[in-house]
>>> print(open('input_3.txt').read())   # compact mmCIF, C-alpha atoms
# COMPACT_ATOMS: atom_id res chain seq x y z
CA MET J 1308 0.00 0.00 0.00
CA SER J 1309 1.26 3.52 -0.79
CA HIS J 1310 0.16 6.86 0.58
CA CYS J 1311 0.69 10.47 -0.32
CA GLY J 1312 3.25 12.21 1.82
CA PRO J 1313 2.84 15.70 3.31
CA HIS J 1314 3.90 17.37 0.06
CA GLY J 1315 1.90 15.17 -2.30
CA ALA J 1316 4.65 12.74 -3.27
CA GLU J 1317 3.94 9.02 -3.16
CA GLU J 1318 5.11 7.51 0.11
CA LYS J 1319 6.09 3.88 0.46
CA SER J 1320 4.52 1.85 3.25
CA PRO J 1321 6.97 1.75 6.17
CA LEU J 1322 8.76 -1.43 7.18
CA VAL J 1323 8.38 -0.54 10.86
CA THR J 1324 5.03 -1.04 12.60
CA LEU J 1325 3.82 1.73 14.85
CA ILE J 1326 1.73 0.57 17.79
CA CYS J 1327 -1.05 2.31 19.66
CA PRO J 1328 0.17 4.23 22.73
CA VAL J 1329 -3.17 4.08 24.58
CA ARG J 1330 -2.68 2.24 27.87
CA HIS J 1331 -3.27 -1.53 27.63
CA CYS J 1332 -3.75 -1.35 23.84
CA GLY J 1333 -0.53 -1.67 21.82
CA ALA J 1334 -2.36 -2.76 18.66
CA PRO J 1335 -0.80 -1.92 15.27
CA LEU J 1336 -1.52 1.52 13.83
CA GLU J 1337 -2.41 1.83 10.15
CA ARG J 1338 -2.50 4.89 7.94
CA ARG J 1339 -6.01 5.92 6.90
CA GLN J 1340 -5.97 9.14 4.92
CA ARG J 1341 -4.79 11.81 7.40
CA SER J 1342 -4.86 9.63 10.52
CA LEU J 1343 -3.22 6.64 12.17
CA VAL J 1344 -5.86 4.21 13.47
CA CYS J 1345 -5.69 0.97 15.47
CA PRO J 1346 -8.22 -1.92 15.35
CA GLN J 1347 -9.63 -0.77 18.69
CA GLY J 1348 -10.67 2.54 17.12
CA HIS J 1349 -8.04 4.78 18.69
CA SER J 1350 -7.17 7.46 16.13
CA PHE J 1351 -4.35 10.00 15.87
CA ASP J 1352 -4.37 12.81 13.32
CA LEU J 1353 -1.37 13.56 11.15
CA ALA J 1354 -0.20 17.17 11.21
CA ARG J 1355 -0.07 19.10 7.93
CA SER J 1356 3.71 18.69 7.93
CA GLY J 1357 3.34 14.91 8.24
CA TYR J 1358 4.28 14.06 11.83
CA CYS J 1359 1.94 12.38 14.30
CA ASN J 1360 1.54 13.28 17.97
CA LEU J 1361 1.10 10.07 20.00
CA LEU J 1362 1.72 11.72 23.36
CA GLN J 1363 -0.81 10.59 25.96
CA PRO J 1364 -2.07 12.82 28.80
CA GLN J 1365 -0.24 10.76 31.45
CA ASP J 1366 3.01 11.18 29.49
CA ARG J 1367 3.07 14.95 29.91
CA ARG J 1368 4.96 16.55 32.78
CA SER J 1369 3.91 20.03 31.67
CA LYS J 1370 1.56 21.75 29.24
CA ASN J 1371 4.37 22.09 26.67
CA PRO J 1372 6.81 19.26 27.40
CA GLY J 1373 10.28 18.97 25.91
CA ASP J 1374 12.51 21.64 24.45
CA SER J 1375 11.02 25.05 23.75
CA ARG J 1376 10.86 26.54 20.28
CA PRO J 1377 13.66 29.08 21.04
CA ALA J 1378 15.98 26.26 22.19
CA VAL J 1379 15.12 24.11 19.16
CA GLU J 1380 15.62 26.98 16.71
CA ALA J 1381 18.93 27.93 18.36
CA ARG J 1382 20.19 24.37 17.98
CA ARG J 1383 19.17 24.26 14.33
CA ARG J 1384 21.05 27.49 13.57
CA LEU J 1385 24.20 26.09 15.19
CA LEU J 1386 24.02 22.74 13.42
CA GLU J 1387 23.24 24.19 10.01
CA ALA J 1388 26.21 26.56 10.41
CA GLY J 1389 28.46 23.49 10.61
CA TYR J 1390 28.97 23.22 14.35
CA GLY J 1391 27.88 19.57 14.36
CA ALA J 1392 30.18 18.53 11.51
CA ALA J 1393 32.54 16.34 13.55
CA LEU J 1394 29.74 14.28 15.11
CA LEU J 1395 27.88 13.99 11.81
CA ALA J 1396 31.01 12.67 10.07
CA ALA J 1397 31.49 10.07 12.81
CA LEU J 1398 27.86 8.98 12.53
CA GLU J 1399 28.22 8.62 8.77
CA GLU J 1400 31.12 6.23 9.36
CA GLU J 1401 29.03 4.21 11.82
CA ILE J 1402 26.02 3.80 9.54
CA ALA J 1403 28.12 2.82 6.53
CA ALA J 1404 27.92 -0.83 7.61
CA LEU J 1405 24.10 -0.91 7.74
CA ARG J 1406 22.42 -3.44 5.49
CA PRO J 1407 20.37 -2.01 2.59
CA GLY J 1408 16.83 -1.28 3.71
CA ALA J 1409 17.72 -1.15 7.41
CA ALA J 1410 15.49 0.70 9.87
CA VAL J 1411 16.98 3.43 12.08
CA LEU J 1412 15.38 5.15 15.07
CA ASP J 1413 16.61 8.45 16.55
CA VAL J 1414 15.32 8.59 20.13
CA GLY J 1415 15.21 12.22 21.22
CA CYS J 1416 15.73 13.44 17.66
CA GLY J 1417 15.26 17.14 18.39
CA GLU J 1418 14.82 19.20 15.25
CA GLY J 1419 16.06 16.31 13.14
CA PHE J 1420 19.42 17.55 11.82
CA TYR J 1421 21.44 14.39 12.37
CA LEU J 1422 18.83 11.84 11.30
CA GLY J 1423 17.70 13.96 8.36
CA SER J 1424 21.28 14.51 7.17
CA LEU J 1425 22.08 10.80 7.44
CA ALA J 1426 18.85 9.77 5.71
CA ALA J 1427 19.62 12.08 2.79
CA LYS J 1428 22.44 9.68 1.90
CA GLY J 1429 19.76 7.00 1.39
CA GLY J 1430 19.79 3.30 2.11
CA PHE J 1431 17.70 3.07 5.27
CA GLU J 1432 14.25 3.82 6.64
CA ALA J 1433 14.49 6.70 9.11
CA HIS J 1434 12.26 7.27 12.14
CA GLY J 1435 12.62 10.10 14.64
CA LEU J 1436 10.89 10.60 17.98
CA ASP J 1437 10.94 13.46 20.45
CA LEU J 1438 8.88 14.84 23.32
CA SER J 1439 8.91 18.39 21.93
CA VAL J 1440 6.20 19.35 19.44
CA PRO J 1441 8.19 22.38 18.16
CA ALA J 1442 11.21 20.14 17.55
CA VAL J 1443 9.30 17.44 15.66
CA GLU J 1444 7.38 20.03 13.65
CA LEU J 1445 10.65 21.59 12.48
CA ALA J 1446 12.05 18.14 11.70
CA ALA J 1447 9.01 17.12 9.65
CA ARG J 1448 9.03 20.31 7.61
CA ARG J 1449 12.73 20.11 6.77
CA TYR J 1450 13.07 16.33 6.32
CA PRO J 1451 9.77 14.94 4.92
CA GLU J 1452 11.49 11.73 3.75
CA CYS J 1453 11.77 10.62 7.39
CA ARG J 1454 8.91 9.58 9.68
CA TRP J 1455 8.45 11.71 12.79
CA ILE J 1456 6.56 11.03 16.02
CA VAL J 1457 5.89 13.03 19.20
CA ALA J 1458 6.03 10.69 22.20
CA ASN J 1459 7.65 10.34 25.61
CA ALA J 1460 10.51 7.86 25.24
CA ASP J 1461 10.87 7.66 29.03
CA ARG J 1462 7.47 5.95 29.14
CA PHE J 1463 7.01 4.09 25.87
CA LEU J 1464 8.43 3.82 22.35
CA PRO J 1465 5.40 3.24 20.08
CA TYR J 1466 7.01 0.63 17.84
CA ALA J 1467 6.70 -3.15 17.58
CA PRO J 1468 9.45 -5.23 19.24
CA ALA J 1469 12.69 -5.82 17.31
CA SER J 1470 11.80 -3.17 14.71
CA PHE J 1471 15.14 -1.42 14.31
CA ASP J 1472 18.64 -2.32 13.17
CA LEU J 1473 20.10 0.81 14.75
CA ALA J 1474 19.00 3.25 17.44
CA LEU J 1475 20.55 6.68 18.01
CA SER J 1476 20.56 8.63 21.26
CA LEU J 1477 22.33 11.94 20.60
CA ASP J 1478 22.48 14.40 23.50
CA ALA J 1479 19.23 12.85 24.71
CA ARG J 1480 17.84 11.08 27.74
CA LEU J 1481 18.21 7.31 27.71
CA SER J 1482 15.41 4.78 28.06
CA PRO J 1483 17.43 1.50 28.09
CA ALA J 1484 14.67 -1.09 28.45
CA GLU J 1485 12.46 0.45 25.76
CA ILE J 1486 15.36 0.89 23.34
CA ARG J 1487 16.34 -2.73 23.95
CA ARG J 1488 12.76 -3.85 23.25
CA VAL J 1489 12.53 -2.13 19.85
CA LEU J 1490 16.03 -3.14 18.69
CA ALA J 1491 16.56 -6.31 16.67
CA PRO J 1492 18.71 -8.93 18.45
CA GLU J 1493 21.68 -8.05 16.22
CA GLY J 1494 20.97 -4.33 16.37
CA ARG J 1495 23.21 -1.60 17.72
CA LEU J 1496 22.75 1.52 19.83
CA LEU J 1497 24.85 4.63 19.21
CA VAL J 1498 25.04 7.08 22.11
CA ALA J 1499 26.59 10.54 21.87
CA VAL J 1500 26.99 12.76 24.93
CA PRO J 1501 28.93 16.01 25.41
CA ALA J 1502 32.57 15.20 26.12
CA PRO J 1503 34.11 16.65 29.30
CA ASP J 1504 35.66 19.59 27.41
CA ASP J 1505 32.61 20.38 25.26
CA LEU J 1506 32.05 24.17 25.32
CA VAL J 1507 34.43 24.42 28.26
CA GLU J 1508 35.53 27.90 27.19
CA LEU J 1509 31.95 29.16 27.08
CA ARG J 1510 31.14 27.55 30.40
CA GLU J 1511 34.16 29.19 32.04
CA ALA J 1512 33.43 32.62 30.56
CA VAL J 1513 29.66 32.77 31.01
CA LEU J 1514 28.62 30.17 33.56
CA GLY J 1515 31.66 30.65 35.77
CA GLU J 1516 32.52 26.96 35.82
CA GLY J 1517 34.65 24.65 33.73
CA VAL J 1518 33.93 21.34 35.44
CA LEU J 1519 34.88 18.33 33.34
CA ARG J 1520 32.23 15.61 33.64
CA ASP J 1521 32.43 12.14 32.10
CA ARG J 1522 28.83 11.78 30.98
CA LEU J 1523 29.55 8.64 28.98
CA ALA J 1524 30.54 6.72 32.10
CA ARG J 1525 27.14 7.56 33.58
CA ALA J 1526 25.38 6.54 30.37
CA ALA J 1527 27.24 3.21 30.23
CA GLU J 1528 26.29 2.50 33.84
CA LEU J 1529 22.63 3.24 33.10
CA LEU J 1530 22.70 0.99 30.03
CA ALA J 1531 24.65 -1.87 31.63
CA PRO J 1532 21.65 -4.12 32.49
CA ASP J 1533 20.53 -4.14 28.84
CA PHE J 1534 23.61 -3.34 26.74
CA VAL J 1535 27.32 -4.06 26.43
CA LEU J 1536 29.77 -1.33 25.46
CA GLU J 1537 31.39 -2.33 22.16
CA ASN J 1538 33.39 0.75 21.19
CA ARG J 1539 33.91 4.37 22.17
CA ARG J 1540 35.73 7.38 20.80
CA THR J 1541 35.78 11.15 21.10
CA VAL J 1542 35.04 13.44 18.16
CA ARG J 1543 36.14 17.04 18.43
CA GLN J 1544 36.27 20.28 16.49
CA THR J 1545 37.03 23.88 17.40
CA ALA J 1546 35.13 26.89 16.11
CA LEU J 1547 35.17 30.65 16.46
CA LEU J 1548 31.67 31.63 17.56
CA ASP J 1549 30.42 35.19 17.31
CA SER J 1550 28.16 36.65 19.97
CA ALA J 1551 24.96 35.43 18.26
CA ALA J 1552 26.27 31.86 17.96
CA LEU J 1553 27.47 31.95 21.57
CA GLY J 1554 23.98 32.97 22.63
CA ASP J 1555 22.51 30.11 20.61
CA ALA J 1556 24.94 27.65 22.20
CA LEU J 1557 23.92 28.81 25.66
CA ILE J 1558 20.19 28.59 24.93
CA ALA J 1559 20.43 25.26 23.12
CA THR J 1560 22.67 23.59 25.69
CA TYR J 1561 21.93 25.16 29.05
CA ARG J 1562 18.27 26.04 28.55
CA GLY J 1563 18.27 29.76 28.87
CA ALA J 1564 20.08 32.89 29.85
CA ARG J 1565 19.74 34.24 33.35
CA GLN J 1566 20.35 37.98 33.55
CA SER J 1567 23.82 37.50 35.02
CA ARG J 1568 24.75 35.07 32.25
CA GLN J 1569 23.46 37.38 29.55
CA ALA J 1570 25.47 40.27 30.96
CA ARG J 1571 28.66 38.22 30.74
CA LEU J 1572 27.81 37.10 27.24
CA ASP J 1573 27.11 40.63 26.02
CA VAL J 1574 30.74 41.72 26.52
CA ILE J 1575 32.16 38.85 24.43
CA ALA J 1576 32.49 39.67 20.71
CA ASP J 1577 33.62 36.18 19.78
CA LEU J 1578 35.19 33.16 21.41
CA GLU J 1579 36.99 30.07 20.14
CA VAL J 1580 35.32 27.06 21.67
CA THR J 1581 35.73 23.30 21.74
CA LEU J 1582 32.84 21.25 20.38
CA ALA J 1583 33.30 17.64 21.49
CA HIS J 1584 31.25 14.48 21.89
CA ASP J 1585 31.96 11.08 23.32
CA LEU J 1586 30.43 8.57 20.91
CA ALA J 1587 29.86 4.96 21.97
CA ARG J 1588 28.44 1.89 20.27
CA PHE J 1589 26.52 -0.64 22.37
CA LEU J 1590 25.12 -4.05 21.52
CA PRO J 1591 22.13 -5.63 23.28
CA ARG J 1592 22.80 -8.19 25.95
CA SER J 1593 21.68 -11.63 24.87
CA GLY J 1594 18.93 -13.43 26.69
>>> encode(input="input_3.txt", output="structure tokens")
Amino acid sequence: MSHCGPHGAEEKSPLVTLICPVRHCGAPLERRQRSLVCPQGHSFDLARSGYCNLLQPQDRRSKNPGDSRPAVEARRRLLEAGYGAALLAALEEEIAALRPGAAVLDVGCGEGFYLGSLAAKGGFEAHGLDLSVPAVELAARRYPECRWIVANADRFLPYAPASFDLALSLDARLSPAEIRRVLAPEGRLLVAVPAPDDLVELREAVLGEGVLRDRLARAAELLAPDFVLENRRTVRQTALLDSAALGDALIATYRGARQSRQARLDVIADLEVTLAHDLARFLPRSG
């Protein structure tokens, strides 16, 4: 079965089965015109841009959960200016070994830059999920070839078991058991977290602290019951950020600018900063 996508182009039926997020349901969702519907009659409308909001009332911690539109737009400006180039290149190397027609899930996809950029190379079916409506809306508008969902990954990933060959978690919260459930037995999980020296210059100048934290060690500990660490490396680039880009980095990364922070930022014309991620590949534990 084929459907028309958000811009009128013919859309192939996805390999991955979405499942109903309504509590105690979990039945398969099928596309019917502008909705996703399960056999129990639960229905979810598709937005004009093509994404579907499967977030349930109990999955919301606030009226507008997830990243705000200003934070999402700031991150997009940074990434499209090339400040995610090192991580993107490393991810391209990782996905090169995927089998043709593989399915990839980006858990906590944000505004979709990494998944959308990787999917543009072709060769796999791309699915992105995030808690933030503004983020997923931006992703769907920019990258219509991918399939985008609003949902709370901490609670439930609305996909059938063993659906994906690869899962990505890039600067996002981890939901180990759910990721393990939707990964195929031979699948892989790629996790990227800010390296200890990521934006250290900005943090010292504006936040007044340059603490070096090993976030990957914490992630590996959280994943240990479900996954085994297979490989890790650090990807790094330096960039000269002007005042506008520094402001975007602060909003996108540290969720806002207190008055004292903004005052410190206002006196900096530009600053050379380190942009670094620890990237790790995990495989599911057997059994």
>>> closest_residue(input="input_3.txt", among="J:Pro1468, J:Gly1373, J:Thr1560, J:Ala1587", to="Ala1524 (chain J)", atoms="only C-alpha atoms")
J:Ala1587
>>> closest_residue(input="input_3.txt", among="J:Pro1501, J:Gly1333, J:Gly1357, J:Gly1419", to="Arg1540 (chain J)", atoms="only C-alpha atoms")
J:Pro1501
>>> residues_around(input="input_3.txt", residues="Val1323 (chain J)", least_positions_apart="2", cutoff="9 Å", atoms="all atoms listed in the file", output="list in words")
Ser1320, Pro1321, Leu1325, Ala1410, Glu1432, His1434, Tyr1466, Ala1467, Ser1470 and Phe1471 of chain J
>>> atom_distance(input="input_3.txt", atom1="CA of Pro1328 (chain J)", atom2="CA of Arg1462 (chain J)")
9.9 Å
>>> closest_residue(input="input_3.txt", among="J:His1584, J:Arg1341, J:Arg1376, J:Arg1448", to="Gln1544 (chain J)", atoms="only C-alpha atoms")
J:His1584
>>> atom_distance(input="input_3.txt", atom1="CA of Val1498 (chain J)", atom2="CA of Phe1589 (chain J)")
7.9 Å
>>> residues_near_point(input="input_3.txt", point="(28.4, 24.4, 33.3)", cutoff="12 Å", atoms="all atoms listed in the file", output="mmCIF file with C-alpha atoms, in the frame of the given file")
data_model
loop_
_atom_site.group_PDB
_atom_site.id
_atom_site.type_symbol
_atom_site.label_atom_id
_atom_site.label_comp_id
_atom_site.auth_asym_id
_atom_site.auth_seq_id
_atom_site.Cartn_x
_atom_site.Cartn_y
_atom_site.Cartn_z
ATOM 1 C CA PRO J 1501 28.930 16.010 25.410
ATOM 2 C CA PRO J 1503 34.110 16.650 29.300
ATOM 3 C CA ASP J 1504 35.660 19.590 27.410
ATOM 4 C CA ASP J 1505 32.610 20.380 25.260
ATOM 5 C CA LEU J 1506 32.050 24.170 25.320
ATOM 6 C CA VAL J 1507 34.430 24.420 28.260
ATOM 7 C CA GLU J 1508 35.530 27.900 27.190
ATOM 8 C CA LEU J 1509 31.950 29.160 27.080
ATOM 9 C CA ARG J 1510 31.140 27.550 30.400
ATOM 10 C CA GLU J 1511 34.160 29.190 32.040
ATOM 11 C CA ALA J 1512 33.430 32.620 30.560
ATOM 12 C CA VAL J 1513 29.660 32.770 31.010
ATOM 13 C CA LEU J 1514 28.620 30.170 33.560
ATOM 14 C CA GLY J 1515 31.660 30.650 35.770
ATOM 15 C CA GLU J 1516 32.520 26.960 35.820
ATOM 16 C CA GLY J 1517 34.650 24.650 33.730
ATOM 17 C CA VAL J 1518 33.930 21.340 35.440
ATOM 18 C CA LEU J 1519 34.880 18.330 33.340
ATOM 19 C CA ARG J 1520 32.230 15.610 33.640
ATOM 20 C CA LEU J 1557 23.920 28.810 25.660
ATOM 21 C CA THR J 1560 22.670 23.590 25.690
ATOM 22 C CA TYR J 1561 21.930 25.160 29.050
ATOM 23 C CA ARG J 1562 18.270 26.040 28.550
ATOM 24 C CA ARG J 1568 24.750 35.070 32.250
#
>>> residues_near_point(input="input_3.txt", point="(-6.8, 3.7, 14.2)", cutoff="12 Å", atoms="all atoms listed in the file", output="PyMOL selection string")
chain J and resi 1325-1329+1332-1353+1361
>>> atom_distance(input="input_3.txt", atom1="CA of Ile1558 (chain J)", atom2="CA of Pro1377 (chain J)")
7.6 Å
>>> axis_aligned_box(input="input_3.txt", around="region 1379-1384 of chain J", padding_each_side="4 Å", output="lines of an AutoDock Vina configuration file")
center_x = 18.1
center_y = 26.0
center_z = 16.4
size_x = 13.9
size_y = 11.8
size_z = 13.6
>>> decode(input="input_3.txt", residues="region 1579-1590 of chain J", atoms="all heavy atoms", output="JSON list (two decimals), in the first residue's frame")
[["chain", "number", "residue", "atom", "x", "y", "z"],
["J", 1579, "GLU", "N", 36.69, 31.38, 20.72],
["J", 1579, "GLU", "CA", 36.99, 30.07, 20.14],
["J", 1579, "GLU", "C", 36.64, 29.01, 21.16],
["J", 1579, "GLU", "O", 37.10, 29.05, 22.30],
["J", 1579, "GLU", "CB", 38.47, 29.96, 19.76],
["J", 1579, "GLU", "CG", 38.79, 28.67, 19.02],
["J", 1579, "GLU", "CD", 40.12, 28.70, 18.30],
["J", 1579, "GLU", "OE1", 40.76, 29.76, 18.29],
["J", 1579, "GLU", "OE2", 40.50, 27.65, 17.75],
["J", 1580, "VAL", "N", 35.82, 28.07, 20.75],
["J", 1580, "VAL", "CA", 35.32, 27.06, 21.67],
["J", 1580, "VAL", "C", 35.59, 25.66, 21.14],
["J", 1580, "VAL", "O", 35.76, 25.45, 19.94],
["J", 1580, "VAL", "CB", 33.81, 27.22, 21.95],
["J", 1580, "VAL", "CG1", 33.49, 28.58, 22.54],
["J", 1580, "VAL", "CG2", 33.00, 26.97, 20.69],
["J", 1581, "THR", "N", 35.61, 24.72, 22.06],
["J", 1581, "THR", "CA", 35.73, 23.30, 21.74],
["J", 1581, "THR", "C", 34.34, 22.70, 21.64],
["J", 1581, "THR", "O", 33.50, 22.90, 22.53],
["J", 1581, "THR", "CB", 36.53, 22.57, 22.82],
["J", 1581, "THR", "OG1", 37.83, 23.18, 22.94],
["J", 1581, "THR", "CG2", 36.68, 21.09, 22.50],
["J", 1582, "LEU", "N", 34.09, 21.98, 20.57],
["J", 1582, "LEU", "CA", 32.84, 21.25, 20.38],
["J", 1582, "LEU", "C", 33.20, 19.78, 20.35],
["J", 1582, "LEU", "O", 33.87, 19.32, 19.41],
["J", 1582, "LEU", "CB", 32.15, 21.67, 19.09],
["J", 1582, "LEU", "CG", 31.84, 23.17, 18.95],
["J", 1582, "LEU", "CD1", 31.48, 23.51, 17.52],
["J", 1582, "LEU", "CD2", 30.74, 23.58, 19.90],
["J", 1583, "ALA", "N", 32.82, 19.02, 21.37],
["J", 1583, "ALA", "CA", 33.30, 17.64, 21.49],
["J", 1583, "ALA", "C", 32.20, 16.72, 22.00],
["J", 1583, "ALA", "O", 31.42, 17.09, 22.88],
["J", 1583, "ALA", "CB", 34.50, 17.59, 22.43],
["J", 1584, "HIS", "N", 32.18, 15.51, 21.44],
["J", 1584, "HIS", "CA", 31.25, 14.48, 21.89],
["J", 1584, "HIS", "C", 32.00, 13.18, 22.13],
["J", 1584, "HIS", "O", 32.93, 12.84, 21.39],
["J", 1584, "HIS", "CB", 30.18, 14.22, 20.82],
["J", 1584, "HIS", "CG", 29.05, 15.19, 20.84],
["J", 1584, "HIS", "ND1", 29.07, 16.38, 20.16],
["J", 1584, "HIS", "CD2", 27.84, 15.14, 21.48],
["J", 1584, "HIS", "CE1", 27.94, 17.03, 20.36],
["J", 1584, "HIS", "NE2", 27.17, 16.30, 21.16],
["J", 1585, "ASP", "N", 31.57, 12.47, 23.16],
["J", 1585, "ASP", "CA", 31.96, 11.08, 23.32],
["J", 1585, "ASP", "C", 30.89, 10.25, 22.63],
["J", 1585, "ASP", "O", 29.69, 10.38, 22.91],
["J", 1585, "ASP", "CB", 32.03, 10.70, 24.80],
["J", 1585, "ASP", "CG", 33.26, 11.28, 25.49],
["J", 1585, "ASP", "OD1", 34.29, 11.44, 24.81],
["J", 1585, "ASP", "OD2", 33.18, 11.58, 26.69],
["J", 1586, "LEU", "N", 31.34, 9.40, 21.71],
["J", 1586, "LEU", "CA", 30.43, 8.57, 20.91],
["J", 1586, "LEU", "C", 30.72, 7.11, 21.22],
["J", 1586, "LEU", "O", 31.86, 6.67, 21.13],
["J", 1586, "LEU", "CB", 30.63, 8.85, 19.42],
["J", 1586, "LEU", "CG", 29.81, 8.01, 18.44],
["J", 1586, "LEU", "CD1", 28.32, 8.26, 18.61],
["J", 1586, "LEU", "CD2", 30.23, 8.31, 17.00],
["J", 1587, "ALA", "N", 29.68, 6.37, 21.60],
["J", 1587, "ALA", "CA", 29.86, 4.96, 21.97],
["J", 1587, "ALA", "C", 28.86, 4.09, 21.23],
["J", 1587, "ALA", "O", 27.72, 4.49, 20.98],
["J", 1587, "ALA", "CB", 29.69, 4.78, 23.47],
["J", 1588, "ARG", "N", 29.29, 2.89, 20.90],
["J", 1588, "ARG", "CA", 28.44, 1.89, 20.27],
["J", 1588, "ARG", "C", 28.18, 0.76, 21.25],
["J", 1588, "ARG", "O", 29.12, 0.22, 21.83],
["J", 1588, "ARG", "CB", 29.08, 1.36, 18.98],
["J", 1588, "ARG", "CG", 28.19, 0.38, 18.23],
["J", 1588, "ARG", "CD", 28.77, 0.03, 16.85],
["J", 1588, "ARG", "NE", 30.04, -0.68, 16.95],
["J", 1588, "ARG", "CZ", 31.21, -0.22, 16.54],
["J", 1588, "ARG", "NH1", 31.30, 0.99, 16.03],
["J", 1588, "ARG", "NH2", 32.30, -0.95, 16.63],
["J", 1589, "PHE", "N", 26.92, 0.42, 21.44],
["J", 1589, "PHE", "CA", 26.52, -0.64, 22.37],
["J", 1589, "PHE", "C", 25.78, -1.73, 21.60],
["J", 1589, "PHE", "O", 25.08, -1.47, 20.63],
["J", 1589, "PHE", "CB", 25.59, -0.10, 23.45],
["J", 1589, "PHE", "CG", 26.22, 0.90, 24.38],
["J", 1589, "PHE", "CD1", 26.30, 2.24, 24.03],
["J", 1589, "PHE", "CD2", 26.73, 0.50, 25.60],
["J", 1589, "PHE", "CE1", 26.86, 3.18, 24.90],
["J", 1589, "PHE", "CE2", 27.30, 1.41, 26.48],
["J", 1589, "PHE", "CZ", 27.38, 2.76, 26.12],
["J", 1590, "LEU", "N", 25.93, -2.97, 22.05],
["J", 1590, "LEU", "CA", 25.12, -4.05, 21.52],
["J", 1590, "LEU", "C", 24.24, -4.60, 22.63],
["J", 1590, "LEU", "O", 24.61, -4.58, 23.81],
["J", 1590, "LEU", "CB", 25.99, -5.16, 20.93],
["J", 1590, "LEU", "CG", 26.89, -6.00, 21.83],
["J", 1590, "LEU", "CD1", 27.15, -7.34, 21.15],
["J", 1590, "LEU", "CD2", 28.23, -5.29, 22.07]]
